[in-house]
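Enquirer: Compact mmCIF, C-alpha atoms, saved as upload38.txt, coming up:
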```txt
# COMPACT_ATOMS: atom_id res chain seq x y z
CA MET A 1 9.00 -35.39 84.27
CA LYS A 2 12.52 -33.92 84.24
CA LEU A 3 13.89 -37.09 85.83
CA GLN A 4 12.20 -39.24 83.19
CA PHE A 5 13.64 -37.02 80.46
CA LEU A 6 17.16 -37.29 81.93
CA MET A 7 16.88 -41.06 82.27
CA LYS A 8 15.93 -41.35 78.61
CA LEU A 9 18.93 -39.30 77.62
CA ILE A 10 21.24 -41.40 79.79
CA LEU A 11 19.84 -44.65 78.37
CA GLY A 12 20.05 -43.32 74.83
CA LEU A 13 16.33 -43.61 74.18
CA THR A 14 14.40 -41.43 71.76
CA VAL A 15 12.71 -38.49 73.43
CA VAL A 16 9.45 -37.78 71.64
CA THR A 17 8.37 -34.14 71.67
CA PRO A 18 5.23 -32.45 70.30
CA MET A 19 7.21 -31.55 67.17
CA THR A 20 8.13 -34.79 65.47
CA ALA A 21 10.85 -35.54 62.96
CA ALA A 22 8.58 -37.21 60.47
CA ALA A 23 11.21 -39.48 58.96
CA SER A 24 11.79 -41.20 62.30
CA ALA A 25 8.28 -41.26 63.75
CA PRO A 26 5.61 -40.67 61.09
CA SER A 27 2.03 -39.85 62.06
CA SER A 28 -0.77 -41.90 60.56
CA GLU A 29 -1.64 -38.72 58.63
CA VAL A 30 1.81 -38.61 57.02
CA ILE A 31 2.69 -40.95 54.15
CA SER A 32 6.18 -42.45 54.01
CA LYS A 33 5.48 -45.67 52.09
CA ILE A 34 2.60 -47.33 50.27
CA GLU A 35 1.64 -50.93 50.95
CA THR A 36 1.26 -52.71 47.62
CA ASP A 37 1.97 -56.06 46.02
CA HIS A 38 2.84 -54.31 42.76
CA LYS A 39 6.35 -53.23 41.81
CA TRP A 40 5.53 -49.54 42.00
CA ILE A 41 7.84 -46.92 43.48
CA ALA A 42 7.98 -43.13 43.61
CA ILE A 43 11.16 -41.16 42.97
CA THR A 44 11.11 -37.69 44.49
CA PHE A 45 13.37 -34.64 44.27
CA ASP A 46 13.50 -31.85 46.85
CA ASP A 47 14.57 -28.20 46.82
CA GLY A 48 14.65 -27.46 43.08
CA PRO A 49 14.51 -26.48 40.37
CA ASN A 50 18.24 -26.43 39.64
CA PRO A 51 19.07 -24.68 36.33
CA VAL A 52 21.91 -27.08 35.45
CA TYR A 53 20.93 -30.44 36.91
CA THR A 54 17.12 -30.56 36.87
CA PRO A 55 17.06 -30.56 33.04
CA GLN A 56 19.57 -33.44 33.07
CA ILE A 57 17.35 -35.33 35.52
CA LEU A 58 14.34 -34.71 33.30
CA ASP A 59 16.25 -36.03 30.29
CA LEU A 60 17.07 -39.24 32.16
CA LEU A 61 13.49 -39.70 33.37
CA SER A 62 12.30 -39.32 29.80
CA GLN A 63 14.86 -41.83 28.57
CA TYR A 64 13.49 -44.50 30.94
CA GLN A 65 9.81 -43.52 30.70
CA ALA A 66 9.87 -42.73 34.42
CA LYS A 67 7.60 -40.27 36.20
CA ALA A 68 8.74 -38.44 39.33
CA THR A 69 7.52 -35.93 41.89
CA PHE A 70 9.40 -32.65 42.29
CA PHE A 71 8.96 -30.99 45.69
CA VAL A 72 9.83 -27.48 44.61
CA LEU A 73 10.64 -24.33 46.55
CA GLY A 74 8.53 -21.32 45.60
CA LYS A 75 11.54 -19.01 45.46
CA ARG A 76 13.31 -21.29 42.98
CA VAL A 77 10.22 -21.69 40.83
CA GLN A 78 10.22 -17.90 40.57
CA MET A 79 13.87 -18.02 39.49
CA TYR A 80 13.49 -20.88 36.98
CA PRO A 81 9.87 -20.94 35.81
CA THR A 82 10.56 -22.66 32.49
CA ILE A 83 11.95 -25.71 34.28
CA ALA A 84 8.87 -25.99 36.49
CA ILE A 85 6.68 -25.73 33.40
CA ARG A 86 8.74 -28.44 31.72
CA GLU A 87 8.26 -30.75 34.73
CA VAL A 88 4.50 -30.45 34.41
CA ASN A 89 4.46 -30.65 30.59
CA GLU A 90 6.44 -33.91 30.69
CA GLY A 91 3.92 -35.57 33.02
CA HIS A 92 5.73 -35.26 36.32
CA GLU A 93 4.12 -34.12 39.54
CA ILE A 94 5.02 -30.73 40.91
CA ALA A 95 4.57 -30.60 44.68
CA ASN A 96 4.92 -28.04 47.47
CA HIS A 97 8.03 -27.82 49.65
CA THR A 98 7.37 -24.28 51.04
CA PHE A 99 8.72 -21.05 49.63
CA ASP A 100 12.03 -20.74 51.43
CA HIS A 101 12.80 -24.13 53.09
CA HIS A 102 12.53 -23.12 56.75
CA PHE A 103 12.53 -26.00 59.26
CA LEU A 104 9.49 -26.08 61.52
CA LYS A 105 11.71 -26.70 64.55
CA ASN A 106 13.25 -23.24 63.98
CA TYR A 107 10.31 -21.33 62.54
CA PRO A 108 6.69 -20.66 63.62
CA ALA A 109 4.13 -23.01 62.07
CA ARG A 110 1.90 -20.11 61.05
CA LYS A 111 4.66 -18.55 58.94
CA ILE A 112 5.39 -21.86 57.24
CA ILE A 113 1.69 -22.32 56.50
CA ASP A 114 1.67 -18.88 54.88
CA GLU A 115 4.68 -19.91 52.77
CA ILE A 116 2.92 -23.09 51.68
CA ARG A 117 -0.14 -21.15 50.55
CA GLN A 118 2.03 -18.58 48.79
CA THR A 119 3.79 -21.41 46.93
CA GLN A 120 0.46 -23.03 45.99
CA GLU A 121 -0.68 -19.82 44.33
CA LEU A 122 2.66 -19.29 42.62
CA ILE A 123 2.75 -22.79 41.14
CA PHE A 124 -0.86 -22.60 39.97
CA ASP A 125 -0.39 -19.19 38.37
CA LEU A 126 2.67 -20.45 36.51
CA THR A 127 1.70 -24.00 35.52
CA GLU A 128 -2.12 -24.08 35.91
CA GLN A 129 -1.54 -27.16 38.08
CA MET A 130 -2.50 -27.04 41.77
CA PRO A 131 -0.21 -29.23 43.89
CA HIS A 132 -1.96 -31.93 45.90
CA VAL A 133 1.09 -33.03 47.90
CA PHE A 134 3.28 -31.26 50.45
CA ARG A 135 6.58 -32.29 52.04
CA PRO A 136 7.78 -30.42 55.14
CA PRO A 137 11.45 -29.36 54.98
CA GLY A 138 13.59 -31.71 57.05
CA GLY A 139 10.55 -33.90 57.67
CA PHE A 140 9.48 -31.77 60.65
CA TYR A 141 5.79 -31.28 61.38
CA ASN A 142 3.42 -30.71 64.27
CA GLU A 143 -0.31 -30.88 64.88
CA GLU A 144 -0.94 -27.30 63.77
CA LEU A 145 0.77 -27.94 60.44
CA LEU A 146 -1.06 -31.24 59.85
CA ASN A 147 -4.43 -29.67 60.63
CA SER A 148 -3.74 -26.83 58.21
CA MET A 149 -2.72 -29.24 55.45
CA LYS A 150 -5.95 -31.16 55.99
CA GLU A 151 -7.94 -27.93 55.63
CA ASP A 152 -6.05 -27.08 52.44
CA LYS A 153 -6.56 -30.61 51.06
CA LEU A 154 -2.83 -31.25 50.81
CA THR A 155 -1.49 -34.76 51.45
CA VAL A 156 1.64 -34.72 53.61
CA VAL A 157 4.29 -37.03 52.19
CA ILE A 158 7.81 -37.65 53.46
CA TRP A 159 9.95 -40.62 52.37
CA SER A 160 10.72 -44.22 53.24
CA TRP A 161 13.27 -43.87 56.04
CA TYR A 162 15.64 -46.41 54.45
CA GLN A 163 15.43 -44.63 51.09
CA ASP A 164 16.98 -41.31 52.13
CA THR A 165 19.92 -41.16 49.72
CA LYS A 166 21.47 -38.16 51.51
CA ASP A 167 22.74 -37.18 48.07
CA TRP A 168 22.98 -33.54 49.20
CA ARG A 169 25.99 -34.59 51.28
CA LYS A 170 27.73 -35.87 48.12
CA PRO A 171 28.59 -39.26 49.68
CA GLY A 172 29.72 -40.75 46.35
CA VAL A 173 27.82 -42.29 43.47
CA ASN A 174 28.34 -45.88 44.65
CA LYS A 175 26.93 -45.11 48.09
CA ILE A 176 23.84 -43.44 46.65
CA VAL A 177 23.26 -46.31 44.24
CA ASN A 178 23.71 -48.96 46.93
CA GLN A 179 21.37 -47.15 49.31
CA VAL A 180 18.55 -47.37 46.78
CA ILE A 181 19.19 -50.71 45.07
CA SER A 182 19.99 -52.67 48.24
CA ASN A 183 16.88 -51.51 50.08
CA VAL A 184 14.21 -51.25 47.39
CA HIS A 185 10.70 -52.53 48.19
CA ASN A 186 7.31 -52.19 46.57
CA GLY A 187 5.70 -48.86 47.42
CA ASP A 188 8.91 -47.08 48.39
CA ILE A 189 9.15 -43.29 48.27
CA ILE A 190 12.78 -42.49 47.44
CA LEU A 191 14.37 -39.16 48.36
CA PHE A 192 16.78 -37.33 46.06
CA HIS A 193 17.57 -33.62 45.73
CA ASP A 194 17.91 -31.20 42.83
CA LEU A 195 18.89 -28.39 45.15
CA GLU A 196 21.07 -25.36 44.54
CA GLY A 197 24.68 -26.22 43.71
CA ASP A 198 26.38 -29.40 42.50
CA CYS A 199 23.98 -32.31 41.94
CA SER A 200 26.27 -34.25 39.62
CA GLN A 201 26.38 -37.31 41.92
CA THR A 202 22.60 -37.48 41.85
CA VAL A 203 22.58 -37.40 38.06
CA GLU A 204 25.30 -40.04 37.76
CA SER A 205 23.52 -42.25 40.30
CA LEU A 206 20.28 -42.07 38.35
CA LYS A 207 22.10 -43.30 35.25
CA ILE A 208 22.64 -46.57 37.16
CA ILE A 209 19.53 -46.71 39.35
CA LEU A 210 16.87 -46.11 36.70
CA PRO A 211 17.89 -48.89 34.28
CA GLU A 212 18.63 -51.34 37.11
CA LEU A 213 15.26 -50.88 38.82
CA GLN A 214 13.57 -50.99 35.44
CA ARG A 215 15.38 -54.29 34.76
CA GLN A 216 14.00 -55.59 38.08
CA GLY A 217 10.49 -54.77 36.90
CA TYR A 218 9.79 -51.62 38.88
CA GLN A 219 7.50 -48.94 37.51
CA PHE A 220 8.21 -45.31 38.43
CA LEU A 221 5.07 -43.38 39.41
CA THR A 222 4.37 -39.94 40.79
CA VAL A 223 3.52 -39.90 44.48
CA SER A 224 -0.13 -39.08 43.80
CA ASP A 225 -0.42 -41.88 41.24
CA LEU A 226 1.22 -44.32 43.64
CA ILE A 227 -1.29 -43.42 46.35
CA ALA A 228 -4.25 -43.59 43.96
CA LYS A 229 -3.27 -46.91 42.37
CA ALA A 230 -2.75 -48.56 45.75
CA LYS A 231 -6.28 -47.60 46.80
CA LYS A 232 -7.91 -49.44 43.87
```
How does this structure look as structure tokens?
Expert:
Amino acid sequence: MKLQFLMKLILGLTVVTPMTAAASAPSSEVISKIETDHKWIAITFDDGPNPVYTPQILDLLSQYQAKATFFVLGKRVQMYPTIAIREVNEGHEIANHTFDHHFLKNYPARKIIDEIRQTQELIFDLTEQMPHVFRPPGGFYNEELLNSMKEDKLTVVIWSWYQDTKDWRKPGVNKIVNQVISNVHNGDIILFHDLEGDCSQTVESLKIILPELQRQGYQFLTVSDLIAKAKK
């Protein structure tokens, strides 16, 4: 077994472990894209709310009649409850991204599950909306986490691997725009962030991406709506 592992490293092959980076090797229980002939896509935002930039994002979504899914952190919902309420009131989907953004590869699954349940209760108490979708931080999951999400009736959703904008790295507006526009397909789940700090490149990118995709005929749906529509 050790020899096989070493040979894979030498040859540069992927070594699959029980804990899987979901973005690179999704389970059949984890959604990263929806197969559809319709020009439907889902725009998602992780790690918010952000007190400066999430309202700007919401203004842009409203301008282009676009719906999005916000994978919020429980601790930031506690800090900025009015923004979370606004997301729900404006028809967007609020979804669970744990309380404190711990990666499963560094943190026991049981503690993350407790955080998820804590965040479910927090969001419901605040917005009267119970999230139906969960995204694991970093895209890391294992069997214990998936089984728990099934018990809690939460759909595990990551993102289309070619639609990770990596906007949190601040790569430049043009790079973010090109990543999305050059790779867009029906049923894509696109990953942005409204995390703590400077999200100005994300906002500026959306000013280009939203009207361009709208011009191409794409409709922006929440993740849950995208899943539901594709099943009909």
Enquirer: What's the 6 Å shell around stretch 30-33 of chain A, counting only C-alpha atoms, without same-chain residues fewer than 5 positions away, as a list in words?
Expert: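 Selected residues are Val156, Val157, Ile158, Trp159, Ser160, Gly187, Asp188 and Ile189 of chain A.
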Enquirer: For the residues selected in the previous step, produce a file with C-alpha atoms as a PDB file, in the frame of the given file.
Expert:
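Final output, saved to selection38.pdb:
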```
ATOM      1  CA  VAL A 156       1.640 -34.720  53.610  1.00  0.00           C
ATOM      2  CA  VAL A 157       4.290 -37.030  52.190  1.00  0.00           C
ATOM      3  CA  ILE A 158       7.810 -37.650  53.460  1.00  0.00           C
ATOM      4  CA  TRP A 159       9.950 -40.620  52.370  1.00  0.00           C
ATOM      5  CA  SER A 160      10.720 -44.220  53.240  1.00  0.00           C
ATOM      6  CA  GLY A 187       5.700 -48.860  47.420  1.00  0.00           C
ATOM      7  CA  ASP A 188       8.910 -47.080  48.390  1.00  0.00           C
ATOM      8  CA  ILE A 189       9.150 -43.290  48.270  1.00  0.00           C
TER       9      ILE A 189
END
```
Enquirer: Find the residue from A:Ala84, A:Val184, A:Ile227, A:Leu210 that sits nearest to A:Lys39; use all atoms listed in the file when measuring.
Expert: A:Val184
Enquirer: Hey, what's within 7 Å of stretch 115-125 of chain A if we count all atoms listed in the file and toss same-chain stuff fewer than 3 positions away? As a ChimeraX atom specification, please?
Expert: /A:74,96,98-99,111-112,128-131
Enquirer: Taking C-alpha atoms for each residue, export the selection above as a CSV table (one decimal), keeping the file's coordinate frame.
Expert:
```csv
chain,number,residue,atom,x,y,z
A,74,GLY,CA,8.5,-21.3,45.6
A,96,ASN,CA,4.9,-28.0,47.5
A,98,THR,CA,7.4,-24.3,51.0
A,99,PHE,CA,8.7,-21.0,49.6
A,111,LYS,CA,4.7,-18.6,58.9
A,112,ILE,CA,5.4,-21.9,57.2
A,128,GLU,CA,-2.1,-24.1,35.9
A,129,GLN,CA,-1.5,-27.2,38.1
A,130,MET,CA,-2.5,-27.0,41.8
A,131,PRO,CA,-0.2,-29.2,43.9
```
Enquirer: List the neighbours of A:Arg169 out to 12 Å using all atoms listed in the file; skip same-chain residues closer than 2 positions along the sequence, and give me the result as a PDB file with C-alpha atoms, in the frame of the given file.
Expert:
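Listed below is the output, result-v1.pdb:
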```pdb
ATOM      1  CA  ASP A 164      16.980 -41.310  52.130  1.00  0.00           C
ATOM      2  CA  THR A 165      19.920 -41.160  49.720  1.00  0.00           C
ATOM      3  CA  LYS A 166      21.470 -38.160  51.510  1.00  0.00           C
ATOM      4  CA  ASP A 167      22.740 -37.180  48.070  1.00  0.00           C
ATOM      5  CA  PRO A 171      28.590 -39.260  49.680  1.00  0.00           C
ATOM      6  CA  GLY A 172      29.720 -40.750  46.350  1.00  0.00           C
ATOM      7  CA  VAL A 173      27.820 -42.290  43.470  1.00  0.00           C
ATOM      8  CA  LYS A 175      26.930 -45.110  48.090  1.00  0.00           C
ATOM      9  CA  ILE A 176      23.840 -43.440  46.650  1.00  0.00           C
ATOM     10  CA  PHE A 192      16.780 -37.330  46.060  1.00  0.00           C
ATOM     11  CA  HIS A 193      17.570 -33.620  45.730  1.00  0.00           C
ATOM     12  CA  LEU A 195      18.890 -28.390  45.150  1.00  0.00           C
ATOM     13  CA  GLY A 197      24.680 -26.220  43.710  1.00  0.00           C
ATOM     14  CA  ASP A 198      26.380 -29.400  42.500  1.00  0.00           C
ATOM     15  CA  CYS A 199      23.980 -32.310  41.940  1.00  0.00           C
ATOM     16  CA  SER A 200      26.270 -34.250  39.620  1.00  0.00           C
ATOM     17  CA  GLN A 201      26.380 -37.310  41.920  1.00  0.00           C
ATOM     18  CA  THR A 202      22.600 -37.480  41.850  1.00  0.00           C
TER      19      THR A 202
END
```
Enquirer: To one decimal in Å, tell me the separation between atom CA of A:Asn174 and atom CA of A:Ile208.
Expert: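 Pair atom CA of A:Asn174 / atom CA of A:Ile208 returns 9.4 Å.
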Enquirer: Between atom CA of A:Glu93 and atom CA of A:Ala68, measure the distance and give it in Å to one decimal.
Expert: 6.3 Å
Enquirer: One number please: atom CA of A:Thr36 to atom CA of A:Ala228, in Å, one decimal.
Expert: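 Going from atom CA of A:Thr36 over to atom CA of A:Ala228 covers 11.3 Å.
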Enquirer: Rank A:Glu29, A:Val203, A:Pro108, A:Ile41 by their smallest atom-to-atom distance to A:Thr155, using all atoms listed in the file, and report the top residue only.
Expert: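 For A:Thr155, the nearest of the given residues is A:Glu29.
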Enquirer: Which residue out of A:Leu73, A:Lys153, A:Gly139, A:Asp37 has the minimum interatomic distance to A:Lys231 when only C-alpha atoms are used?
Expert: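 The closest residue to A:Lys231 is A:Asp37.
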Enquirer: Between A:Asn50, A:Asn186, A:Gln163, A:Asn106, single out the one closest to A:Gly138, counting all atoms listed in the file.
Expert: A:Asn106
Enquirer: I need the residue nearest A:Glu87 from this list: A:Pro211, A:Gly217, A:Pro55, A:Pro137. Use all atoms listed in the file for the distance.
Expert: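 The answer is A:Pro55, which sits nearest to A:Glu87.
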Enquirer: Could you tell me which of A:Gln63, A:Asn178, A:Thr82, A:Thr69 comes closest to A:Val223 if we count only C-alpha atoms?
Expert: A:Thr69
